[in-house]
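S.K.: File follows, work_4.pdb with PDB, C-alpha atoms:
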ATOM      1  CA  MET A   1       0.000   0.000   0.000
ATOM      2  CA  LEU A   2       1.336   3.432  -0.920
ATOM      3  CA  ARG A   3       0.723   6.480   1.159
ATOM      4  CA  PHE A   4       1.393  10.049   0.093
ATOM      5  CA  CYS A   5       2.421  12.742   2.520
ATOM      6  CA  ARG A   6       3.492  16.353   2.233
ATOM      7  CA  SER A   7       6.870  17.521   3.414
ATOM      8  CA  LYS A   8       8.269  20.997   2.731
ATOM      9  CA  ASN A   9       6.168  21.608  -0.378
ATOM     10  CA  ARG A  10       6.906  18.240  -1.978
ATOM     11  CA  THR A  11       4.956  15.047  -2.073
ATOM     12  CA  ILE A  12       6.752  11.884  -1.067
ATOM     13  CA  MET A  13       5.562   8.305  -1.323
ATOM     14  CA  LYS A  14       5.760   5.883   1.578
ATOM     15  CA  THR A  15       5.131   2.200   1.499
ATOM     16  CA  LYS A  16       3.297   0.610   4.396
ATOM     17  CA  ASN A  17       6.492  -0.779   5.951
ATOM     18  CA  MET A  18       8.544   2.417   5.719
ATOM     19  CA  LYS A  19       8.863   4.562   8.792
ATOM     20  CA  PHE A  20       9.112   8.313   9.005
ATOM     21  CA  ARG A  21      12.566   9.676   9.716
ATOM     22  CA  GLY A  22      11.725  10.538  13.332
ATOM     23  CA  GLN A  23      10.548   6.977  13.916
ATOM     24  CA  ARG A  24      13.670   5.443  12.338
ATOM     25  CA  ASN A  25      15.850   7.700  14.491
ATOM     26  CA  ASN A  26      13.811   7.131  17.692
ATOM     27  CA  ASN A  27      13.483  10.924  17.657
ATOM     28  CA  PRO A  28       9.730  11.682  17.511
ATOM     29  CA  LEU A  29      10.153  15.469  17.532
ATOM     30  CA  ASN A  30      12.961  15.472  14.932
ATOM     31  CA  ILE A  31      15.444  17.228  17.206
ATOM     32  CA  LYS A  32      18.310  18.519  15.095
ATOM     33  CA  TYR A  33      21.825  17.269  15.678
ATOM     34  CA  VAL A  34      24.201  19.760  17.304
ATOM     35  CA  LYS A  35      27.748  18.553  17.760
ATOM     36  CA  THR A  36      28.122  20.257  21.163
ATOM     37  CA  THR A  37      24.988  18.666  22.637
ATOM     38  CA  ILE A  38      25.186  15.065  23.806
ATOM     39  CA  TRP A  39      21.873  13.535  24.816
ATOM     40  CA  VAL A  40      21.328  10.556  27.094
ATOM     41  CA  GLY A  41      20.748   7.558  24.834
ATOM     42  CA  GLN A  42      22.175   9.256  21.743
ATOM     43  CA  VAL A  43      23.755   7.045  19.086
ATOM     44  CA  ARG A  44      27.518   7.619  18.941
ATOM     45  CA  ASP A  45      28.802   9.841  16.133
ATOM     46  CA  ILE A  46      30.640   7.034  14.371
ATOM     47  CA  GLU A  47      27.430   4.957  14.252
ATOM     48  CA  ARG A  48      25.109   7.719  13.035
ATOM     49  CA  SER A  49      23.544   7.483   9.596
ATOM     50  CA  ASP A  50      21.462  10.699   9.750
ATOM     51  CA  LYS A  51      23.628  13.809   9.527
ATOM     52  CA  VAL A  52      20.804  16.285  10.264
ATOM     53  CA  PHE A  53      18.785  14.861  13.154
ATOM     54  CA  VAL A  54      19.794  13.179  16.414
ATOM     55  CA  GLU A  55      19.483   9.405  16.505
ATOM     56  CA  PHE A  56      18.624   7.678  19.776
ATOM     57  CA  THR A  57      19.128   4.056  20.783
ATOM     58  CA  ASP A  58      15.542   3.791  22.028
ATOM     59  CA  MET A  59      12.351   5.834  21.627
ATOM     60  CA  LYS A  60      12.235   6.568  25.383
ATOM     61  CA  TYR A  61      15.425   8.625  25.013
ATOM     62  CA  GLY A  62      13.990  10.607  22.112
ATOM     63  CA  ILE A  63      10.864  11.340  24.158
ATOM     64  CA  ARG A  64      13.054  12.258  27.138
ATOM     65  CA  ALA A  65      14.979  14.742  24.964
ATOM     66  CA  ALA A  66      11.698  16.281  23.790
ATOM     67  CA  ILE A  67      10.532  16.704  27.398
ATOM     68  CA  LYS A  68      13.875  18.258  28.371
ATOM     69  CA  LEU A  69      13.722  20.727  25.475
ATOM     70  CA  ILE A  70      10.172  21.823  26.235
ATOM     71  CA  ARG A  71      10.955  22.216  29.936
ATOM     72  CA  ASN A  72      14.040  24.276  29.034
ATOM     73  CA  TYR A  73      11.929  26.458  26.744
ATOM     74  CA  ILE A  74       9.478  27.060  29.597
ATOM     75  CA  ARG A  75      12.326  27.937  31.969
ATOM     76  CA  SER A  76      13.627  30.407  29.345
ATOM     77  CA  GLY A  77      10.308  32.265  29.142
ATOM     78  CA  TYR A  78       8.724  30.373  26.244
ATOM     79  CA  ASN A  79       5.961  29.317  28.610
ATOM     80  CA  THR A  80       2.812  29.099  26.497
ATOM     81  CA  ILE A  81       1.907  26.734  23.675
ATOM     82  CA  ASN A  82       2.152  29.560  21.144
ATOM     83  CA  LYS A  83       5.562  30.700  22.402
ATOM     84  CA  ILE A  84       6.950  27.156  22.473
ATOM     85  CA  ILE A  85       5.734  26.441  18.936
ATOM     86  CA  SER A  86       6.991  29.805  17.639
ATOM     87  CA  ARG A  87      10.454  28.828  18.844
ATOM     88  CA  TRP A  88      10.106  25.225  17.655
ATOM     89  CA  CYS A  89       9.064  25.484  14.027
ATOM     90  CA  PRO A  90       9.392  27.823  11.037
ATOM     91  CA  ASP A  91       6.959  30.682  10.536
ATOM     92  CA  SER A  92       5.297  29.015   7.561
ATOM     93  CA  THR A  93       3.901  26.130   9.647
ATOM     94  CA  GLN A  94       3.421  27.766  13.047
ATOM     95  CA  TYR A  95      -0.298  28.474  12.808
ATOM     96  CA  VAL A  96      -1.306  24.916  11.868
ATOM     97  CA  TYR A  97       1.107  23.510  14.452
ATOM     98  CA  GLN A  98      -0.236  25.810  17.199
ATOM     99  CA  GLN A  99      -3.828  24.901  16.311
ATOM    100  CA  HIS A 100      -3.125  21.158  16.421
ATOM    101  CA  VAL A 101      -1.172  21.206  19.693
ATOM    102  CA  GLY A 102      -3.608  23.649  21.317
ATOM    103  CA  LYS A 103      -6.591  21.478  20.381
ATOM    104  CA  ARG A 104      -4.952  18.325  21.773
ATOM    105  CA  VAL A 105      -4.035  20.020  25.066
ATOM    106  CA  LYS A 106      -7.482  21.605  25.424
ATOM    107  CA  ALA A 107      -9.143  18.199  24.973
ATOM    108  CA  VAL A 108      -7.374  16.988  28.126
ATOM    109  CA  SER A 109      -7.196  20.280  30.045
ATOM    110  CA  PRO A 110     -10.249  22.401  29.063
ATOM    111  CA  ASN A 111      -9.032  25.418  31.062
ATOM    112  CA  VAL A 112      -5.789  25.640  29.080
ATOM    113  CA  ASP A 113      -5.643  27.578  25.826
ATOM    114  CA  ARG A 114      -2.693  28.429  23.600
ATOM    115  CA  TRP A 115      -1.814  31.498  25.708
ATOM    116  CA  THR A 116      -2.044  29.918  29.174
ATOM    117  CA  VAL A 117       1.249  30.001  31.066
ATOM    118  CA  ILE A 118       2.555  26.467  31.561
ATOM    119  CA  SER A 119       4.670  25.243  34.478
ATOM    120  CA  ARG A 120       7.791  23.116  33.869
ATOM    121  CA  ASP A 121       6.310  20.536  36.247
ATOM    122  CA  ASP A 122       2.866  20.285  34.628
ATOM    123  CA  LYS A 123       3.254  16.718  33.411
ATOM    124  CA  ASP A 124      -0.235  16.395  31.905
ATOM    125  CA  ILE A 125       0.073  19.462  29.672
ATOM    126  CA  ILE A 126       3.638  18.642  28.614
ATOM    127  CA  ARG A 127       2.527  15.063  27.901
ATOM    128  CA  GLU A 128      -0.200  16.232  25.511
ATOM    129  CA  MET A 129       2.138  18.746  23.885
ATOM    130  CA  VAL A 130       4.821  16.131  23.222
ATOM    131  CA  LYS A 131       2.239  13.628  21.971
ATOM    132  CA  ALA A 132       0.703  16.192  19.589
ATOM    133  CA  MET A 133       4.102  17.383  18.370
ATOM    134  CA  ALA A 134       5.224  13.795  17.671
ATOM    135  CA  VAL A 135       2.153  13.298  15.482
ATOM    136  CA  MET A 136       2.902  16.539  13.622
ATOM    137  CA  GLU A 137       6.579  15.704  13.148
ATOM    138  CA  CYS A 138       6.524  12.044  12.174
ATOM    139  CA  GLN A 139       3.065  10.546  12.702
ATOM    140  CA  TYR A 140       4.293   8.740  15.827
ATOM    141  CA  ARG A 141       1.715   8.083  18.521
ATOM    142  CA  ILE A 142       3.275   8.130  21.976
ATOM    143  CA  ASP A 143       1.318   6.149  24.546
ATOM    144  CA  ASP A 144       1.080   7.196  28.186
ATOM    145  CA  ALA A 145       3.348   4.397  29.461
ATOM    146  CA  GLU A 146       6.100   5.451  27.030
ATOM    147  CA  PHE A 147       5.788   9.067  28.110
ATOM    148  CA  ASP A 148       5.822   8.166  31.817
ATOM    149  CA  GLU A 149       8.987   6.103  31.369
ATOM    150  CA  ALA A 150      10.690   9.018  29.595
ATOM    151  CA  TRP A 151       9.446  11.517  32.218
ATOM    152  CA  GLU A 152      11.093   9.420  34.950
ATOM    153  CA  LEU A 153      14.407   9.621  33.064
ATOM    154  CA  VAL A 154      14.353  13.420  33.196
TER     155      VAL A 154
END
Reformat the file's structure so that it appears as structure tokens.

M.R.:
Amino acid sequence: MLRFCRSKNRTIMKTKNMKFRGQRNNNPLNIKYVKTTIWVGQVRDIERSDKVFVEFTDMKYGIRAAIKLIRNYIRSGYNTINKIISRWCPDSTQYVYQQHVGKRVKAVSPNVDRWTVISRDDKDIIREMVKAMAVMECQYRIDDAEFDEAWELV
């Protein structure tokens, strides 16, 4: 079965057995590789095949990295969904991204909108943000047990 998806203004074909890049790399938010940053669970440089994005040995480490990044954004003053997304992705996709993440968070926490200030320790909101962002980035669905395991590693 072939599946078509859009990526940066081009259509790519995927077969049923192919995985998105973020899934292959165990990096559900497609965190970019930076030589000076070494993540827990990161594949060693000599073993890496992807020169743009970080590769992790297990999905729990990719989810952990996503949690760490979002919590660092919040600590740095990017403490609403809109502010986090505006820092996360390019201007051209921010609105759709903000809408998707905001809708997912609101479904779980009705009192939270895209401009509500988020605490670094608000596990439920960060959980829904990471889950929604993973779907946007690479169609990966994080389950609660996976997220909880990654949260404990932080």

S.K.: Using only the atoms of stretch 70-81 of chain A listed in the file, plus 6 Å on each side, state the axis-aligned box centre and edge lengths in Å rounded to one decimal, as JSON.

M.R.:
{"center_x": 8.0, "center_y": 27.0, "center_z": 27.8, "size_x": 24.1, "size_y": 22.4, "size_z": 20.3}

S.K.: Quick one, how far is atom CA of A:Ile70 from atom CA of A:Lys35?

M.R.: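 Answer for the atom CA of A:Ile70 to atom CA of A:Lys35 separation: 19.8 Å.
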
S.K.: Can you give me, as number ranges by chain, the residues this file yields under the PyMOL selection byres ((chain A and resi 127-133) around 10)?

M.R.: A: 28-30, 63-64, 66-67, 70, 81, 84-85, 88, 97-98, 100-109, 122-126, 134-144, 147-148, 151

S.K.: Name the closest residue to A:Asn27 among the candidates A:Lys51, A:Arg44, A:Arg120, A:Lys60; distances are taken between atoms, counting only C-alpha atoms.

M.R.: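 Once distances to A:Asn27 are computed over only C-alpha atoms, the minimum belongs to A:Lys60.
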
S.K.: Can you list what the PyMOL selection byres ((chain A and resi 57) around 9) grabs from this structure, as a PDB file with C-alpha atoms, keeping the file's coordinate frame?

M.R.:
ATOM      1  CA  ASN A  25      15.850   7.700  14.491  1.00  0.00           C
ATOM      2  CA  ASN A  26      13.811   7.131  17.692  1.00  0.00           C
ATOM      3  CA  GLY A  41      20.748   7.558  24.834  1.00  0.00           C
ATOM      4  CA  GLN A  42      22.175   9.256  21.743  1.00  0.00           C
ATOM      5  CA  VAL A  43      23.755   7.045  19.086  1.00  0.00           C
ATOM      6  CA  GLU A  55      19.483   9.405  16.505  1.00  0.00           C
ATOM      7  CA  PHE A  56      18.624   7.678  19.776  1.00  0.00           C
ATOM      8  CA  ASP A  58      15.542   3.791  22.028  1.00  0.00           C
ATOM      9  CA  MET A  59      12.351   5.834  21.627  1.00  0.00           C
ATOM     10  CA  LYS A  60      12.235   6.568  25.383  1.00  0.00           C
ATOM     11  CA  TYR A  61      15.425   8.625  25.013  1.00  0.00           C
ATOM     12  CA  GLY A  62      13.990  10.607  22.112  1.00  0.00           C
TER      13      GLY A  62
END

S.K.: Take atom CA of A:Gln23 and atom CA of A:Ala65 and report the distance between them in Å, one decimal.

M.R.: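 Computing the Euclidean distance for atom CA of A:Gln23 and atom CA of A:Ala65 yields 14.2 Å.
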
S.K.: Could you tell me how far atom CA of A:Thr80 sits from atom CA of A:Val112, in Å to one decimal place?

M.R.: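 Here the two named atoms are 9.6 Å from each other.
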
S.K.: Exactly which residues make up the result of the PyMOL selection byres ((chain A and resi 118) around 6) on this file, given as a list in words?

M.R.: Asn79, Thr80, Val117 and Ser119 of chain A

S.K.: My list of candidates is A:Pro110, A:Pro90, A:Gly77, A:Gly22. Which is closest to A:Val54 when distances are computed with only C-alpha atoms?

M.R.: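 For A:Val54, the nearest of the given residues is A:Gly22.
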
S.K.: Can I get a file of stretch 95-106 of chain A from the given structure, all heavy atoms kept, as a PDB file, in the first residue's frame?

M.R.:
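Listed below is the output, selection.pdb:
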ATOM      1  N   TYR A  95       1.123  28.368  12.506  1.00  0.00           N
ATOM      2  CA  TYR A  95      -0.298  28.474  12.808  1.00  0.00           C
ATOM      3  C   TYR A  95      -0.953  27.100  12.883  1.00  0.00           C
ATOM      4  O   TYR A  95      -1.661  26.787  13.845  1.00  0.00           O
ATOM      5  CB  TYR A  95      -1.011  29.359  11.782  1.00  0.00           C
ATOM      6  CG  TYR A  95      -2.476  29.502  12.061  1.00  0.00           C
ATOM      7  CD1 TYR A  95      -2.923  30.317  13.102  1.00  0.00           C
ATOM      8  CD2 TYR A  95      -3.416  28.806  11.319  1.00  0.00           C
ATOM      9  CE1 TYR A  95      -4.271  30.444  13.385  1.00  0.00           C
ATOM     10  CE2 TYR A  95      -4.769  28.923  11.595  1.00  0.00           C
ATOM     11  CZ  TYR A  95      -5.185  29.736  12.621  1.00  0.00           C
ATOM     12  OH  TYR A  95      -6.521  29.856  12.915  1.00  0.00           O
ATOM     13  N   VAL A  96      -0.716  26.254  11.891  1.00  0.00           N
ATOM     14  CA  VAL A  96      -1.306  24.916  11.868  1.00  0.00           C
ATOM     15  C   VAL A  96      -0.802  24.109  13.058  1.00  0.00           C
ATOM     16  O   VAL A  96      -1.557  23.409  13.730  1.00  0.00           O
ATOM     17  CB  VAL A  96      -0.975  24.197  10.539  1.00  0.00           C
ATOM     18  CG1 VAL A  96      -1.422  22.751  10.572  1.00  0.00           C
ATOM     19  CG2 VAL A  96      -1.608  24.929   9.384  1.00  0.00           C
ATOM     20  N   TYR A  97       0.483  24.228  13.335  1.00  0.00           N
ATOM     21  CA  TYR A  97       1.107  23.510  14.452  1.00  0.00           C
ATOM     22  C   TYR A  97       0.478  23.955  15.776  1.00  0.00           C
ATOM     23  O   TYR A  97       0.111  23.137  16.619  1.00  0.00           O
ATOM     24  CB  TYR A  97       2.601  23.821  14.451  1.00  0.00           C
ATOM     25  CG  TYR A  97       3.505  22.692  14.862  1.00  0.00           C
ATOM     26  CD1 TYR A  97       4.412  22.148  13.964  1.00  0.00           C
ATOM     27  CD2 TYR A  97       3.498  22.195  16.150  1.00  0.00           C
ATOM     28  CE1 TYR A  97       5.278  21.133  14.339  1.00  0.00           C
ATOM     29  CE2 TYR A  97       4.355  21.179  16.529  1.00  0.00           C
ATOM     30  CZ  TYR A  97       5.240  20.661  15.623  1.00  0.00           C
ATOM     31  OH  TYR A  97       6.088  19.659  16.012  1.00  0.00           O
ATOM     32  N   GLN A  98       0.350  25.273  15.975  1.00  0.00           N
ATOM     33  CA  GLN A  98      -0.236  25.810  17.199  1.00  0.00           C
ATOM     34  C   GLN A  98      -1.684  25.353  17.364  1.00  0.00           C
ATOM     35  O   GLN A  98      -2.113  24.998  18.459  1.00  0.00           O
ATOM     36  CB  GLN A  98      -0.164  27.343  17.197  1.00  0.00           C
ATOM     37  CG  GLN A  98       1.228  27.877  17.382  1.00  0.00           C
ATOM     38  CD  GLN A  98       1.335  29.355  17.079  1.00  0.00           C
ATOM     39  OE1 GLN A  98       0.463  29.953  16.460  1.00  0.00           O
ATOM     40  NE2 GLN A  98       2.423  29.960  17.507  1.00  0.00           N
ATOM     41  N   GLN A  99      -2.428  25.342  16.265  1.00  0.00           N
ATOM     42  CA  GLN A  99      -3.828  24.901  16.311  1.00  0.00           C
ATOM     43  C   GLN A  99      -3.916  23.440  16.739  1.00  0.00           C
ATOM     44  O   GLN A  99      -4.722  23.083  17.601  1.00  0.00           O
ATOM     45  CB  GLN A  99      -4.490  25.072  14.934  1.00  0.00           C
ATOM     46  CG  GLN A  99      -4.704  26.506  14.531  1.00  0.00           C
ATOM     47  CD  GLN A  99      -5.783  27.170  15.353  1.00  0.00           C
ATOM     48  OE1 GLN A  99      -6.723  26.540  15.811  1.00  0.00           O
ATOM     49  NE2 GLN A  99      -5.641  28.462  15.555  1.00  0.00           N
ATOM     50  N   HIS A 100      -3.090  22.597  16.126  1.00  0.00           N
ATOM     51  CA  HIS A 100      -3.125  21.158  16.421  1.00  0.00           C
ATOM     52  C   HIS A 100      -2.752  20.882  17.879  1.00  0.00           C
ATOM     53  O   HIS A 100      -3.466  20.181  18.593  1.00  0.00           O
ATOM     54  CB  HIS A 100      -2.181  20.411  15.483  1.00  0.00           C
ATOM     55  CG  HIS A 100      -2.062  18.957  15.795  1.00  0.00           C
ATOM     56  ND1 HIS A 100      -3.072  18.055  15.530  1.00  0.00           N
ATOM     57  CD2 HIS A 100      -1.063  18.250  16.385  1.00  0.00           C
ATOM     58  CE1 HIS A 100      -2.700  16.859  15.934  1.00  0.00           C
ATOM     59  NE2 HIS A 100      -1.488  16.946  16.451  1.00  0.00           N
ATOM     60  N   VAL A 101      -1.634  21.446  18.321  1.00  0.00           N
ATOM     61  CA  VAL A 101      -1.172  21.206  19.693  1.00  0.00           C
ATOM     62  C   VAL A 101      -2.166  21.805  20.688  1.00  0.00           C
ATOM     63  O   VAL A 101      -2.529  21.162  21.683  1.00  0.00           O
ATOM     64  CB  VAL A 101       0.251  21.767  19.905  1.00  0.00           C
ATOM     65  CG1 VAL A 101       0.675  21.646  21.362  1.00  0.00           C
ATOM     66  CG2 VAL A 101       1.251  21.040  19.005  1.00  0.00           C
ATOM     67  N   GLY A 102      -2.635  23.010  20.424  1.00  0.00           N
ATOM     68  CA  GLY A 102      -3.608  23.649  21.317  1.00  0.00           C
ATOM     69  C   GLY A 102      -4.881  22.839  21.465  1.00  0.00           C
ATOM     70  O   GLY A 102      -5.422  22.682  22.561  1.00  0.00           O
ATOM     71  N   LYS A 103      -5.371  22.282  20.355  1.00  0.00           N
ATOM     72  CA  LYS A 103      -6.591  21.478  20.381  1.00  0.00           C
ATOM     73  C   LYS A 103      -6.389  20.202  21.199  1.00  0.00           C
ATOM     74  O   LYS A 103      -7.255  19.811  21.985  1.00  0.00           O
ATOM     75  CB  LYS A 103      -7.000  21.117  18.951  1.00  0.00           C
ATOM     76  CG  LYS A 103      -8.377  20.508  18.838  1.00  0.00           C
ATOM     77  CD  LYS A 103      -8.716  20.144  17.407  1.00  0.00           C
ATOM     78  CE  LYS A 103      -8.728  21.374  16.534  1.00  0.00           C
ATOM     79  NZ  LYS A 103      -9.145  21.061  15.143  1.00  0.00           N
ATOM     80  N   ARG A 104      -5.238  19.558  21.037  1.00  0.00           N
ATOM     81  CA  ARG A 104      -4.952  18.325  21.773  1.00  0.00           C
ATOM     82  C   ARG A 104      -4.838  18.595  23.276  1.00  0.00           C
ATOM     83  O   ARG A 104      -5.335  17.817  24.090  1.00  0.00           O
ATOM     84  CB  ARG A 104      -3.650  17.685  21.273  1.00  0.00           C
ATOM     85  CG  ARG A 104      -3.722  17.080  19.897  1.00  0.00           C
ATOM     86  CD  ARG A 104      -4.366  15.692  19.873  1.00  0.00           C
ATOM     87  NE  ARG A 104      -3.755  14.736  20.758  1.00  0.00           N
ATOM     88  CZ  ARG A 104      -2.797  13.879  20.417  1.00  0.00           C
ATOM     89  NH1 ARG A 104      -2.349  13.857  19.187  1.00  0.00           N
ATOM     90  NH2 ARG A 104      -2.326  13.042  21.310  1.00  0.00           N
ATOM     91  N   VAL A 105      -4.184  19.686  23.642  1.00  0.00           N
ATOM     92  CA  VAL A 105      -4.035  20.020  25.066  1.00  0.00           C
ATOM     93  C   VAL A 105      -5.392  20.389  25.653  1.00  0.00           C
ATOM     94  O   VAL A 105      -5.743  19.949  26.745  1.00  0.00           O
ATOM     95  CB  VAL A 105      -3.003  21.156  25.270  1.00  0.00           C
ATOM     96  CG1 VAL A 105      -3.021  21.660  26.698  1.00  0.00           C
ATOM     97  CG2 VAL A 105      -1.602  20.678  24.901  1.00  0.00           C
ATOM     98  N   LYS A 106      -6.168  21.174  24.931  1.00  0.00           N
ATOM     99  CA  LYS A 106      -7.482  21.605  25.424  1.00  0.00           C
ATOM    100  C   LYS A 106      -8.432  20.425  25.631  1.00  0.00           C
ATOM    101  O   LYS A 106      -9.259  20.432  26.536  1.00  0.00           O
ATOM    102  CB  LYS A 106      -8.093  22.615  24.469  1.00  0.00           C
ATOM    103  CG  LYS A 106      -9.233  23.384  25.084  1.00  0.00           C
ATOM    104  CD  LYS A 106      -9.477  24.653  24.313  1.00  0.00           C
ATOM    105  CE  LYS A 106     -10.426  25.565  24.994  1.00  0.00           C
ATOM    106  NZ  LYS A 106      -9.923  26.212  26.182  1.00  0.00           N
TER     107      LYS A 106
END
